[in-house]
Amino acid sequence: MKNSMMKYPLLALSLYILIHSITHVQAQTALDLRGNVGGSGISGGSIILGYDSSACSSSIEGALRYNSSSTCAEFCDGTDWTCPGGGSGGSCDTTPTLYDTPGTYTYTVPSGCTSVLVEAYGAGGGGDVGGGGGGSVVERTDTTLLFSGGGGGGGGSNDGGGGGGFASSTVSVSNGEQLNVWVGGGGTGPDGAGGAVSGGTGDFGGSSGSNSGGASTYGGGGGATSAQNINPGTSTNGNNGTSSGGGGGGGFGDTTQAGTNGNNSTAGSAANSGPGNGGSGGGANGGDGQVIITPIS
């Protein structure tokens, strides 16, 4: 062997370099994939992963990322970001998230979860020529509508507003996927405006009560003043308004339920015991809507 090494000095040098590299691997510089070369002062041969908020798809299959919220190095299998053992991301955190203040929100699917149950409640319409309640809506970031609880229609003169509608369903999602959430606000009365926040790419709020009703796709129709002999507002998926009150809001989803109509001075009730009751005929505001999202493993 010794004679062979002396006969082939290049081979001997190559073997020396290989053995030296293996035995001194800990002296290598770490690679920080968050954008820093040199490992930010970390010694050794570590690789520091960054976070990628992109949805997992076939175009990035095989990609790795570090999710600090789940303390897990996740792997894209072409469909979902998965946490292969270790880290809190190994199982789905099924804690529900409640949105009950009117506004716009972004929900991020926890690691390890493959579907979510969404419950959307529309807001109630205002009483006494009140504004229609805002719809509560959940969409994917590409504007695909998933759920909507339509707002209740505003009541006509001295009449109660309609109750907000309800919708629920379970849909498939990817780890880290983001959903857009809107929570509708109650319509104001008397002679008030429509409920704050009724987002999404459709018509989800209830129409305002007035002498000429109004129309809505998922919200309730507005009530009309009977003395004016004008038709109340209409709704495609909720309840039409009447001369006695605003119509109950409808919904979009696998399970839907309409709120009840206002009836003279009595306010309509929200569907599925939700918070979006209509305002009374004395001019009260309608109740706000809400959205509940529960992850499922």
# chains A, B, ... in the order shown; residues from 1 in each chain; ligands from 1
>>> residues_around(residues="A:Gln290", least_positions_apart="3", cutoff="10 Å", atoms="only C-alpha atoms", output="PyMOL selection string")
chain A and resi 98-103+119-123+135-137+149+166+181-185+274-276+287
>>> residues_around(residues="A:Ser54", least_positions_apart="3", cutoff="9 Å", atoms="only C-alpha atoms", output="PyMOL selection string")
chain A and resi 57+176-177
>>> closest_residue(among="A:Leu179, A:Val171, A:Cys76, A:Leu117", to="A:Gly62", atoms="only C-alpha atoms")
A:Cys76
>>> select_by_dssp(residues="stretch 43-288 of chain A", states="strand (DSSP E)", output="compact mmCIF listing (two decimals) with all heavy atoms, in the first residue's frame")
# COMPACT_ATOMS: atom_id res chain seq x y z
N ILE A 47 -27.63 24.33 8.46
CA ILE A 47 -28.38 25.05 7.43
C ILE A 47 -29.59 25.66 8.11
O ILE A 47 -30.39 24.96 8.72
CB ILE A 47 -28.82 24.12 6.29
CG1 ILE A 47 -27.61 23.54 5.56
CG2 ILE A 47 -29.72 24.85 5.31
CD1 ILE A 47 -27.97 22.56 4.47
N ILE A 48 -29.75 26.99 8.03
CA ILE A 48 -30.85 27.68 8.69
C ILE A 48 -31.92 27.98 7.66
O ILE A 48 -31.70 28.73 6.70
CB ILE A 48 -30.37 28.99 9.35
CG1 ILE A 48 -29.22 28.69 10.32
CG2 ILE A 48 -31.52 29.68 10.06
CD1 ILE A 48 -28.59 29.94 10.89
N LEU A 64 -38.43 23.01 1.50
CA LEU A 64 -38.40 22.99 2.95
C LEU A 64 -38.59 24.41 3.48
O LEU A 64 -38.20 25.39 2.82
CB LEU A 64 -37.07 22.45 3.47
CG LEU A 64 -36.73 21.00 3.13
CD1 LEU A 64 -35.31 20.69 3.57
CD2 LEU A 64 -37.71 20.03 3.80
N ARG A 65 -39.19 24.54 4.65
CA ARG A 65 -39.31 25.84 5.31
C ARG A 65 -39.38 25.60 6.81
O ARG A 65 -39.72 24.50 7.26
CB ARG A 65 -40.56 26.58 4.85
CG ARG A 65 -41.86 25.99 5.41
CD ARG A 65 -43.07 26.80 4.99
NE ARG A 65 -44.30 26.29 5.62
CZ ARG A 65 -45.52 26.75 5.37
NH1 ARG A 65 -45.69 27.72 4.48
NH2 ARG A 65 -46.57 26.25 6.00
N TYR A 66 -39.05 26.65 7.59
CA TYR A 66 -39.19 26.57 9.04
C TYR A 66 -40.37 27.43 9.46
O TYR A 66 -40.41 28.62 9.18
CB TYR A 66 -37.94 27.04 9.77
CG TYR A 66 -38.11 26.99 11.28
CD1 TYR A 66 -38.16 25.77 11.95
CD2 TYR A 66 -38.28 28.16 12.02
CE1 TYR A 66 -38.37 25.71 13.31
CE2 TYR A 66 -38.48 28.11 13.39
CZ TYR A 66 -38.51 26.88 14.03
OH TYR A 66 -38.73 26.83 15.38
N ASN A 67 -41.35 26.80 10.13
CA ASN A 67 -42.54 27.50 10.61
C ASN A 67 -42.37 27.76 12.10
O ASN A 67 -42.47 26.85 12.92
CB ASN A 67 -43.78 26.65 10.35
CG ASN A 67 -45.07 27.41 10.61
OD1 ASN A 67 -45.09 28.37 11.38
ND2 ASN A 67 -46.14 26.98 9.98
N CYS A 72 -41.53 23.88 13.68
CA CYS A 72 -41.33 22.67 12.89
C CYS A 72 -40.70 23.01 11.54
O CYS A 72 -41.06 24.01 10.91
CB CYS A 72 -42.67 21.97 12.66
SG CYS A 72 -42.54 20.47 11.66
N ALA A 73 -39.74 22.17 11.11
CA ALA A 73 -39.21 22.25 9.75
C ALA A 73 -40.16 21.47 8.85
O ALA A 73 -40.24 20.25 8.93
CB ALA A 73 -37.81 21.67 9.69
N GLU A 74 -40.91 22.19 8.00
CA GLU A 74 -41.97 21.56 7.21
C GLU A 74 -41.48 21.22 5.80
O GLU A 74 -40.59 21.85 5.26
CB GLU A 74 -43.17 22.50 7.13
CG GLU A 74 -43.80 22.76 8.48
CD GLU A 74 -44.92 23.79 8.42
OE1 GLU A 74 -44.91 24.65 7.51
OE2 GLU A 74 -45.81 23.73 9.29
N PHE A 75 -42.12 20.21 5.22
CA PHE A 75 -41.77 19.68 3.91
C PHE A 75 -42.98 19.76 2.99
O PHE A 75 -44.09 19.38 3.38
CB PHE A 75 -41.31 18.23 4.06
CG PHE A 75 -41.19 17.48 2.75
CD1 PHE A 75 -40.13 17.72 1.91
CD2 PHE A 75 -42.15 16.54 2.39
CE1 PHE A 75 -40.01 17.03 0.70
CE2 PHE A 75 -42.03 15.85 1.19
CZ PHE A 75 -40.96 16.09 0.35
N CYS A 76 -42.81 20.30 1.77
CA CYS A 76 -43.89 20.36 0.78
C CYS A 76 -43.93 19.06 -0.02
O CYS A 76 -42.97 18.74 -0.73
CB CYS A 76 -43.70 21.56 -0.15
SG CYS A 76 -44.89 21.62 -1.52
N TRP A 81 -48.06 21.38 3.17
CA TRP A 81 -46.88 21.49 4.03
C TRP A 81 -47.08 20.53 5.20
O TRP A 81 -48.09 20.58 5.89
CB TRP A 81 -46.74 22.91 4.56
CG TRP A 81 -46.30 23.91 3.54
CD1 TRP A 81 -47.07 24.85 2.93
CD2 TRP A 81 -44.97 24.09 3.03
NE1 TRP A 81 -46.31 25.59 2.05
CE2 TRP A 81 -45.02 25.16 2.09
CE3 TRP A 81 -43.75 23.46 3.26
CZ2 TRP A 81 -43.90 25.59 1.40
CZ3 TRP A 81 -42.64 23.89 2.57
CH2 TRP A 81 -42.70 24.94 1.65
N THR A 82 -46.14 19.62 5.39
CA THR A 82 -46.26 18.63 6.45
C THR A 82 -45.09 18.75 7.41
O THR A 82 -44.00 19.18 7.04
CB THR A 82 -46.31 17.20 5.87
OG1 THR A 82 -45.09 16.95 5.14
CG2 THR A 82 -47.49 17.04 4.94
N THR A 97 -60.96 29.76 16.32
CA THR A 97 -60.67 31.20 16.29
C THR A 97 -61.98 31.95 16.07
O THR A 97 -62.71 31.66 15.12
CB THR A 97 -59.69 31.54 15.16
OG1 THR A 97 -58.45 30.86 15.38
CG2 THR A 97 -59.41 33.04 15.11
N LEU A 98 -62.28 32.90 16.96
CA LEU A 98 -63.52 33.67 16.90
C LEU A 98 -63.24 35.09 16.44
O LEU A 98 -62.39 35.78 17.01
CB LEU A 98 -64.20 33.70 18.28
CG LEU A 98 -65.38 34.66 18.45
CD1 LEU A 98 -66.54 34.24 17.57
CD2 LEU A 98 -65.81 34.74 19.91
N TYR A 99 -63.96 35.52 15.42
CA TYR A 99 -63.92 36.91 14.96
C TYR A 99 -65.31 37.50 15.21
O TYR A 99 -66.28 37.11 14.54
CB TYR A 99 -63.58 36.99 13.47
CG TYR A 99 -62.26 36.36 13.09
CD1 TYR A 99 -62.21 35.06 12.57
CD2 TYR A 99 -61.06 37.05 13.23
CE1 TYR A 99 -61.00 34.48 12.22
CE2 TYR A 99 -59.85 36.48 12.88
CZ TYR A 99 -59.82 35.20 12.37
OH TYR A 99 -58.61 34.63 12.02
N GLY A 103 -65.01 43.97 10.86
CA GLY A 103 -63.72 44.31 10.28
C GLY A 103 -63.25 43.26 9.31
O GLY A 103 -63.97 42.30 8.99
N THR A 104 -62.03 43.43 8.82
CA THR A 104 -61.42 42.53 7.85
C THR A 104 -60.23 41.83 8.49
O THR A 104 -59.41 42.47 9.15
CB THR A 104 -60.96 43.32 6.61
OG1 THR A 104 -62.06 44.02 6.06
CG2 THR A 104 -60.38 42.38 5.56
N TYR A 105 -60.10 40.52 8.27
CA TYR A 105 -59.06 39.73 8.94
C TYR A 105 -58.45 38.74 7.95
O TYR A 105 -59.01 38.46 6.89
CB TYR A 105 -59.65 38.95 10.12
CG TYR A 105 -60.37 39.81 11.13
CD1 TYR A 105 -61.73 40.05 11.00
CD2 TYR A 105 -59.68 40.38 12.19
CE1 TYR A 105 -62.41 40.85 11.93
CE2 TYR A 105 -60.35 41.18 13.13
CZ TYR A 105 -61.71 41.40 12.99
OH TYR A 105 -62.38 42.19 13.89
N THR A 106 -57.28 38.20 8.33
CA THR A 106 -56.63 37.12 7.58
C THR A 106 -56.40 35.95 8.52
O THR A 106 -55.78 36.10 9.56
CB THR A 106 -55.28 37.58 6.98
OG1 THR A 106 -55.51 38.68 6.09
CG2 THR A 106 -54.63 36.44 6.21
N TYR A 107 -56.92 34.79 8.15
CA TYR A 107 -56.75 33.58 8.96
C TYR A 107 -55.72 32.68 8.29
O TYR A 107 -55.79 32.44 7.08
CB TYR A 107 -58.08 32.83 9.07
CG TYR A 107 -57.97 31.50 9.78
CD1 TYR A 107 -57.95 31.43 11.18
CD2 TYR A 107 -57.88 30.31 9.06
CE1 TYR A 107 -57.84 30.21 11.83
CE2 TYR A 107 -57.78 29.09 9.71
CZ TYR A 107 -57.75 29.04 11.09
OH TYR A 107 -57.64 27.83 11.74
N THR A 108 -54.75 32.17 9.07
CA THR A 108 -53.73 31.27 8.56
C THR A 108 -53.96 29.87 9.11
O THR A 108 -54.07 29.67 10.33
CB THR A 108 -52.32 31.76 8.96
OG1 THR A 108 -52.11 33.08 8.46
CG2 THR A 108 -51.26 30.83 8.40
N SER A 115 -58.21 20.49 6.96
CA SER A 115 -59.52 21.07 6.68
C SER A 115 -59.93 21.98 7.83
O SER A 115 -59.34 21.94 8.92
CB SER A 115 -60.58 19.98 6.45
OG SER A 115 -60.69 19.14 7.60
N VAL A 116 -60.92 22.82 7.57
CA VAL A 116 -61.44 23.72 8.61
C VAL A 116 -62.97 23.73 8.54
O VAL A 116 -63.56 23.62 7.47
CB VAL A 116 -60.92 25.17 8.47
CG1 VAL A 116 -59.43 25.25 8.77
CG2 VAL A 116 -61.22 25.73 7.09
N LEU A 117 -63.60 23.85 9.70
CA LEU A 117 -65.04 24.07 9.81
C LEU A 117 -65.25 25.56 10.00
O LEU A 117 -64.70 26.16 10.92
CB LEU A 117 -65.63 23.31 10.99
CG LEU A 117 -67.07 23.67 11.39
CD1 LEU A 117 -68.05 23.29 10.27
CD2 LEU A 117 -67.46 23.00 12.70
N VAL A 118 -66.03 26.17 9.12
CA VAL A 118 -66.29 27.61 9.21
C VAL A 118 -67.77 27.82 9.49
O VAL A 118 -68.64 27.21 8.85
CB VAL A 118 -65.90 28.34 7.92
CG1 VAL A 118 -66.25 29.82 8.00
CG2 VAL A 118 -64.41 28.18 7.65
N GLU A 119 -68.07 28.72 10.44
CA GLU A 119 -69.44 29.11 10.77
C GLU A 119 -69.53 30.63 10.64
O GLU A 119 -68.83 31.36 11.34
CB GLU A 119 -69.81 28.68 12.18
CG GLU A 119 -69.71 27.18 12.39
CD GLU A 119 -69.73 26.78 13.85
OE1 GLU A 119 -68.67 26.87 14.49
OE2 GLU A 119 -70.80 26.40 14.35
N ALA A 120 -70.35 31.10 9.71
CA ALA A 120 -70.46 32.53 9.42
C ALA A 120 -71.86 33.02 9.78
O ALA A 120 -72.86 32.46 9.32
CB ALA A 120 -70.17 32.81 7.95
N TYR A 121 -71.92 34.08 10.59
CA TYR A 121 -73.19 34.67 11.03
C TYR A 121 -73.29 36.11 10.51
O TYR A 121 -72.42 36.93 10.78
CB TYR A 121 -73.29 34.69 12.55
CG TYR A 121 -73.33 33.34 13.22
CD1 TYR A 121 -72.15 32.63 13.48
CD2 TYR A 121 -74.53 32.75 13.61
CE1 TYR A 121 -72.17 31.40 14.11
CE2 TYR A 121 -74.58 31.51 14.24
CZ TYR A 121 -73.39 30.85 14.48
OH TYR A 121 -73.42 29.62 15.11
N SER A 136 -71.24 38.49 6.76
CA SER A 136 -69.96 37.93 7.22
C SER A 136 -69.52 36.90 6.19
O SER A 136 -70.27 35.97 5.87
CB SER A 136 -70.13 37.30 8.60
OG SER A 136 -70.46 38.28 9.57
N VAL A 137 -68.30 37.05 5.68
CA VAL A 137 -67.86 36.32 4.50
C VAL A 137 -66.48 35.71 4.71
O VAL A 137 -65.63 36.32 5.36
CB VAL A 137 -67.82 37.27 3.27
CG1 VAL A 137 -67.47 36.51 2.00
CG2 VAL A 137 -69.14 38.01 3.11
N VAL A 138 -66.25 34.52 4.13
CA VAL A 138 -64.93 33.89 4.12
C VAL A 138 -64.61 33.49 2.69
O VAL A 138 -65.42 32.82 2.03
CB VAL A 138 -64.88 32.66 5.04
CG1 VAL A 138 -63.49 32.02 4.99
CG2 VAL A 138 -65.23 33.04 6.47
N GLU A 139 -63.45 33.91 2.19
CA GLU A 139 -63.01 33.57 0.84
C GLU A 139 -61.57 33.09 0.87
O GLU A 139 -60.82 33.41 1.78
CB GLU A 139 -63.06 34.81 -0.07
CG GLU A 139 -64.43 35.29 -0.43
CD GLU A 139 -64.37 36.46 -1.41
OE1 GLU A 139 -63.28 37.06 -1.57
OE2 GLU A 139 -65.41 36.78 -2.00
N ARG A 140 -61.19 32.35 -0.17
CA ARG A 140 -59.78 32.07 -0.39
C ARG A 140 -59.13 33.33 -0.96
O ARG A 140 -59.82 34.25 -1.40
CB ARG A 140 -59.59 30.89 -1.35
CG ARG A 140 -60.17 29.56 -0.84
CD ARG A 140 -59.70 28.42 -1.72
NE ARG A 140 -60.43 27.18 -1.45
CZ ARG A 140 -60.09 26.29 -0.51
NH1 ARG A 140 -59.03 26.52 0.24
NH2 ARG A 140 -60.79 25.20 -0.33
N LEU A 145 -65.35 32.17 -3.22
CA LEU A 145 -66.26 32.27 -2.08
C LEU A 145 -66.42 30.91 -1.41
O LEU A 145 -66.72 29.91 -2.06
CB LEU A 145 -67.62 32.80 -2.54
CG LEU A 145 -68.72 32.85 -1.48
CD1 LEU A 145 -68.35 33.82 -0.35
CD2 LEU A 145 -70.06 33.27 -2.12
N LEU A 146 -66.23 30.86 -0.09
CA LEU A 146 -66.43 29.64 0.67
C LEU A 146 -67.72 29.69 1.47
O LEU A 146 -68.51 28.75 1.46
CB LEU A 146 -65.24 29.41 1.61
CG LEU A 146 -63.88 29.21 0.95
CD1 LEU A 146 -62.79 29.03 1.99
CD2 LEU A 146 -63.92 27.99 0.02
N PHE A 147 -67.94 30.78 2.19
CA PHE A 147 -69.11 30.89 3.06
C PHE A 147 -69.59 32.33 3.13
O PHE A 147 -68.80 33.26 2.99
CB PHE A 147 -68.79 30.47 4.50
CG PHE A 147 -68.01 29.20 4.61
CD1 PHE A 147 -66.63 29.23 4.67
CD2 PHE A 147 -68.64 27.98 4.62
CE1 PHE A 147 -65.90 28.07 4.75
CE2 PHE A 147 -67.92 26.81 4.71
CZ PHE A 147 -66.54 26.85 4.77
N SER A 148 -70.88 32.51 3.40
CA SER A 148 -71.41 33.83 3.70
C SER A 148 -72.65 33.69 4.56
O SER A 148 -73.55 32.91 4.24
CB SER A 148 -71.76 34.59 2.42
OG SER A 148 -72.51 35.75 2.72
N GLY A 149 -72.68 34.47 5.64
CA GLY A 149 -73.90 34.66 6.41
C GLY A 149 -74.42 36.03 6.04
O GLY A 149 -73.81 37.05 6.37
N PHE A 166 -77.15 32.53 8.45
CA PHE A 166 -76.08 31.64 8.94
C PHE A 166 -75.67 30.69 7.84
O PHE A 166 -76.50 30.24 7.04
CB PHE A 166 -76.59 30.85 10.15
CG PHE A 166 -75.69 29.71 10.56
CD1 PHE A 166 -74.51 29.93 11.26
CD2 PHE A 166 -76.02 28.39 10.24
CE1 PHE A 166 -73.67 28.89 11.64
CE2 PHE A 166 -75.20 27.34 10.62
CZ PHE A 166 -74.03 27.59 11.32
N ALA A 167 -74.38 30.37 7.79
CA ALA A 167 -73.86 29.36 6.86
C ALA A 167 -72.69 28.64 7.49
O ALA A 167 -71.92 29.23 8.26
CB ALA A 167 -73.42 30.01 5.54
N SER A 168 -72.56 27.35 7.20
CA SER A 168 -71.42 26.58 7.71
C SER A 168 -71.07 25.48 6.73
O SER A 168 -71.90 25.04 5.93
CB SER A 168 -71.71 25.98 9.08
OG SER A 168 -72.66 24.93 8.98
N SER A 169 -69.81 25.05 6.80
CA SER A 169 -69.35 23.96 5.96
C SER A 169 -67.93 23.61 6.37
O SER A 169 -67.25 24.38 7.05
CB SER A 169 -69.39 24.35 4.49
OG SER A 169 -69.08 23.24 3.66
N THR A 170 -67.49 22.43 5.96
CA THR A 170 -66.10 22.01 6.15
C THR A 170 -65.43 21.95 4.79
O THR A 170 -65.97 21.35 3.86
CB THR A 170 -66.03 20.62 6.83
OG1 THR A 170 -66.66 20.69 8.12
CG2 THR A 170 -64.59 20.18 7.00
N VAL A 171 -64.27 22.59 4.67
CA VAL A 171 -63.56 22.63 3.38
C VAL A 171 -62.12 22.17 3.57
O VAL A 171 -61.55 22.31 4.65
CB VAL A 171 -63.57 24.03 2.76
CG1 VAL A 171 -64.98 24.46 2.40
CG2 VAL A 171 -62.92 25.04 3.68
N SER A 172 -61.54 21.63 2.52
CA SER A 172 -60.14 21.21 2.53
C SER A 172 -59.23 22.43 2.39
O SER A 172 -59.52 23.34 1.61
CB SER A 172 -59.86 20.22 1.40
OG SER A 172 -60.63 19.04 1.56
N GLN A 178 -53.85 30.88 3.64
CA GLN A 178 -54.51 32.03 4.25
C GLN A 178 -55.90 32.21 3.66
O GLN A 178 -56.13 32.01 2.46
CB GLN A 178 -53.68 33.29 4.04
CG GLN A 178 -52.35 33.26 4.78
CD GLN A 178 -51.56 34.55 4.65
OE1 GLN A 178 -51.59 35.20 3.61
NE2 GLN A 178 -50.85 34.93 5.70
N LEU A 179 -56.85 32.57 4.52
CA LEU A 179 -58.23 32.83 4.12
C LEU A 179 -58.58 34.27 4.49
O LEU A 179 -58.17 34.76 5.55
CB LEU A 179 -59.19 31.87 4.83
CG LEU A 179 -58.94 30.37 4.65
CD1 LEU A 179 -59.94 29.57 5.49
CD2 LEU A 179 -59.03 29.97 3.19
N ASN A 180 -59.33 34.92 3.63
CA ASN A 180 -59.80 36.27 3.91
C ASN A 180 -61.13 36.21 4.66
O ASN A 180 -62.03 35.47 4.26
CB ASN A 180 -59.97 37.07 2.61
CG ASN A 180 -58.66 37.29 1.89
OD1 ASN A 180 -57.62 37.46 2.53
ND2 ASN A 180 -58.69 37.31 0.57
N VAL A 181 -61.24 37.00 5.72
CA VAL A 181 -62.43 36.97 6.58
C VAL A 181 -62.99 38.38 6.72
O VAL A 181 -62.25 39.33 6.99
CB VAL A 181 -62.08 36.42 7.98
CG1 VAL A 181 -63.32 36.42 8.88
CG2 VAL A 181 -61.50 35.00 7.88
N TRP A 182 -64.31 38.51 6.54
CA TRP A 182 -65.00 39.77 6.81
C TRP A 182 -66.10 39.52 7.82
O TRP A 182 -66.86 38.54 7.69
CB TRP A 182 -65.63 40.34 5.54
CG TRP A 182 -64.68 40.84 4.51
CD1 TRP A 182 -64.19 42.10 4.36
CD2 TRP A 182 -64.09 40.09 3.44
NE1 TRP A 182 -63.35 42.19 3.28
CE2 TRP A 182 -63.25 40.97 2.69
CE3 TRP A 182 -64.18 38.75 3.03
CZ2 TRP A 182 -62.54 40.56 1.58
CZ3 TRP A 182 -63.46 38.35 1.92
CH2 TRP A 182 -62.65 39.24 1.21
N VAL A 183 -66.22 40.38 8.81
CA VAL A 183 -67.29 40.28 9.80
C VAL A 183 -68.19 41.49 9.63
O VAL A 183 -67.74 42.64 9.72
CB VAL A 183 -66.73 40.24 11.24
CG1 VAL A 183 -67.88 40.23 12.26
CG2 VAL A 183 -65.86 39.01 11.43
N ALA A 215 -82.90 45.51 -2.88
CA ALA A 215 -82.67 44.10 -3.15
C ALA A 215 -81.29 43.67 -2.68
O ALA A 215 -80.39 44.49 -2.54
CB ALA A 215 -82.83 43.82 -4.64
N SER A 216 -81.11 42.36 -2.47
CA SER A 216 -79.82 41.80 -2.06
C SER A 216 -79.73 40.37 -2.55
O SER A 216 -80.76 39.71 -2.80
CB SER A 216 -79.68 41.84 -0.53
OG SER A 216 -78.44 41.26 -0.14
N THR A 234 -86.31 42.71 -2.07
CA THR A 234 -86.26 41.28 -2.36
C THR A 234 -84.88 40.71 -2.08
O THR A 234 -83.89 41.44 -1.97
CB THR A 234 -86.62 41.01 -3.83
OG1 THR A 234 -85.69 41.70 -4.67
CG2 THR A 234 -88.04 41.49 -4.13
N SER A 235 -84.81 39.39 -1.98
CA SER A 235 -83.54 38.70 -1.74
C SER A 235 -83.51 37.42 -2.54
O SER A 235 -84.51 36.69 -2.63
CB SER A 235 -83.37 38.38 -0.25
OG SER A 235 -82.22 37.59 -0.04
N GLY A 251 -77.79 32.75 3.31
CA GLY A 251 -76.42 32.26 3.48
C GLY A 251 -75.94 31.51 2.26
O GLY A 251 -76.71 31.13 1.38
N PHE A 252 -74.61 31.28 2.22
CA PHE A 252 -73.97 30.49 1.18
C PHE A 252 -73.03 29.52 1.85
O PHE A 252 -72.11 29.91 2.58
CB PHE A 252 -73.19 31.39 0.21
CG PHE A 252 -72.44 30.64 -0.85
CD1 PHE A 252 -73.06 30.29 -2.03
CD2 PHE A 252 -71.12 30.27 -0.65
CE1 PHE A 252 -72.37 29.58 -3.02
CE2 PHE A 252 -70.42 29.56 -1.62
CZ PHE A 252 -71.05 29.21 -2.80
N THR A 255 -74.43 24.17 4.69
CA THR A 255 -75.58 24.29 5.58
C THR A 255 -75.93 25.76 5.72
O THR A 255 -75.07 26.56 6.11
CB THR A 255 -75.27 23.70 6.98
OG1 THR A 255 -74.95 22.31 6.84
CG2 THR A 255 -76.47 23.86 7.90
N THR A 256 -77.14 26.14 5.39
CA THR A 256 -77.55 27.53 5.49
C THR A 256 -78.88 27.64 6.23
O THR A 256 -79.68 26.71 6.23
CB THR A 256 -77.70 28.19 4.10
OG1 THR A 256 -78.73 27.50 3.37
CG2 THR A 256 -76.39 28.14 3.33
N GLN A 257 -79.06 28.78 6.84
CA GLN A 257 -80.30 29.05 7.56
C GLN A 257 -80.57 30.55 7.53
O GLN A 257 -79.67 31.35 7.79
CB GLN A 257 -80.20 28.56 9.01
CG GLN A 257 -81.46 28.73 9.83
CD GLN A 257 -81.30 28.19 11.25
OE1 GLN A 257 -80.43 27.37 11.51
NE2 GLN A 257 -82.14 28.65 12.16
>>> closest_residue(among="A:Ser207, A:Gly153, A:Asp191, A:Pro110", to="A:Gly278", atoms="only C-alpha atoms")
A:Gly153
>>> closest_residue(among="A:Ser111, A:Ser174, A:Asp288, A:Thr143", to="A:Asp93", atoms="only C-alpha atoms")
A:Ser111
>>> residues_around(residues="A:Thr114", least_positions_apart="5", cutoff="8 Å", atoms="only C-alpha atoms", output="ChimeraX atom specification")
/A:80,172-175,295-297
>>> write_last_selection(atoms="all heavy atoms", output="PDB file, in the first residue's frame")
ATOM      1  N   ASP A  80     -49.514  19.527   0.421  1.00  0.00           N
ATOM      2  CA  ASP A  80     -49.590  20.182   1.722  1.00  0.00           C
ATOM      3  C   ASP A  80     -48.198  20.349   2.321  1.00  0.00           C
ATOM      4  O   ASP A  80     -47.283  19.558   2.049  1.00  0.00           O
ATOM      5  CB  ASP A  80     -50.446  19.362   2.710  1.00  0.00           C
ATOM      6  CG  ASP A  80     -51.886  19.246   2.270  1.00  0.00           C
ATOM      7  OD1 ASP A  80     -52.468  20.269   1.893  1.00  0.00           O
ATOM      8  OD2 ASP A  80     -52.423  18.116   2.303  1.00  0.00           O
ATOM      9  N   SER A 172     -61.536  21.629   2.520  1.00  0.00           N
ATOM     10  CA  SER A 172     -60.137  21.208   2.532  1.00  0.00           C
ATOM     11  C   SER A 172     -59.225  22.429   2.390  1.00  0.00           C
ATOM     12  O   SER A 172     -59.520  23.337   1.612  1.00  0.00           O
ATOM     13  CB  SER A 172     -59.858  20.221   1.402  1.00  0.00           C
ATOM     14  OG  SER A 172     -60.631  19.040   1.556  1.00  0.00           O
ATOM     15  N   VAL A 173     -58.136  22.429   3.136  1.00  0.00           N
ATOM     16  CA  VAL A 173     -57.166  23.519   3.096  1.00  0.00           C
ATOM     17  C   VAL A 173     -55.761  22.941   3.158  1.00  0.00           C
ATOM     18  O   VAL A 173     -55.570  21.753   3.413  1.00  0.00           O
ATOM     19  CB  VAL A 173     -57.371  24.499   4.280  1.00  0.00           C
ATOM     20  CG1 VAL A 173     -58.682  25.265   4.139  1.00  0.00           C
ATOM     21  CG2 VAL A 173     -57.331  23.760   5.616  1.00  0.00           C
ATOM     22  N   SER A 174     -54.774  23.788   2.938  1.00  0.00           N
ATOM     23  CA  SER A 174     -53.363  23.402   3.032  1.00  0.00           C
ATOM     24  C   SER A 174     -52.731  24.060   4.248  1.00  0.00           C
ATOM     25  O   SER A 174     -53.149  25.151   4.660  1.00  0.00           O
ATOM     26  CB  SER A 174     -52.602  23.814   1.774  1.00  0.00           C
ATOM     27  OG  SER A 174     -53.151  23.210   0.626  1.00  0.00           O
ATOM     28  N   ASN A 175     -51.725  23.407   4.820  1.00  0.00           N
ATOM     29  CA  ASN A 175     -50.991  24.002   5.932  1.00  0.00           C
ATOM     30  C   ASN A 175     -50.447  25.362   5.517  1.00  0.00           C
ATOM     31  O   ASN A 175     -49.827  25.492   4.461  1.00  0.00           O
ATOM     32  CB  ASN A 175     -49.825  23.105   6.367  1.00  0.00           C
ATOM     33  CG  ASN A 175     -50.302  21.771   6.895  1.00  0.00           C
ATOM     34  OD1 ASN A 175     -51.372  21.673   7.461  1.00  0.00           O
ATOM     35  ND2 ASN A 175     -49.501  20.734   6.699  1.00  0.00           N
ATOM     36  N   PRO A 295     -60.058  24.451  13.078  1.00  0.00           N
ATOM     37  CA  PRO A 295     -59.222  23.540  12.279  1.00  0.00           C
ATOM     38  C   PRO A 295     -59.558  22.082  12.583  1.00  0.00           C
ATOM     39  O   PRO A 295     -59.972  21.731  13.693  1.00  0.00           O
ATOM     40  CB  PRO A 295     -57.798  23.879  12.723  1.00  0.00           C
ATOM     41  CG  PRO A 295     -57.897  25.178  13.437  1.00  0.00           C
ATOM     42  CD  PRO A 295     -59.266  25.221  14.042  1.00  0.00           C
ATOM     43  N   ILE A 296     -59.365  21.237  11.584  1.00  0.00           N
ATOM     44  CA  ILE A 296     -59.599  19.794  11.725  1.00  0.00           C
ATOM     45  C   ILE A 296     -58.389  19.076  11.157  1.00  0.00           C
ATOM     46  O   ILE A 296     -57.900  19.410  10.070  1.00  0.00           O
ATOM     47  CB  ILE A 296     -60.868  19.366  10.979  1.00  0.00           C
ATOM     48  CG1 ILE A 296     -62.098  20.118  11.512  1.00  0.00           C
ATOM     49  CG2 ILE A 296     -61.097  17.861  11.099  1.00  0.00           C
ATOM     50  CD1 ILE A 296     -63.356  19.881  10.715  1.00  0.00           C
ATOM     51  N   SER A 297     -57.897  18.082  11.896  1.00  0.00           N
ATOM     52  CA  SER A 297     -56.704  17.348  11.429  1.00  0.00           C
ATOM     53  C   SER A 297     -57.073  16.373  10.332  1.00  0.00           C
ATOM     54  O   SER A 297     -58.225  16.008  10.164  1.00  0.00           O
ATOM     55  CB  SER A 297     -56.076  16.600  12.603  1.00  0.00           C
ATOM     56  OG  SER A 297     -57.000  15.711  13.172  1.00  0.00           O
TER      57      SER A 297
END
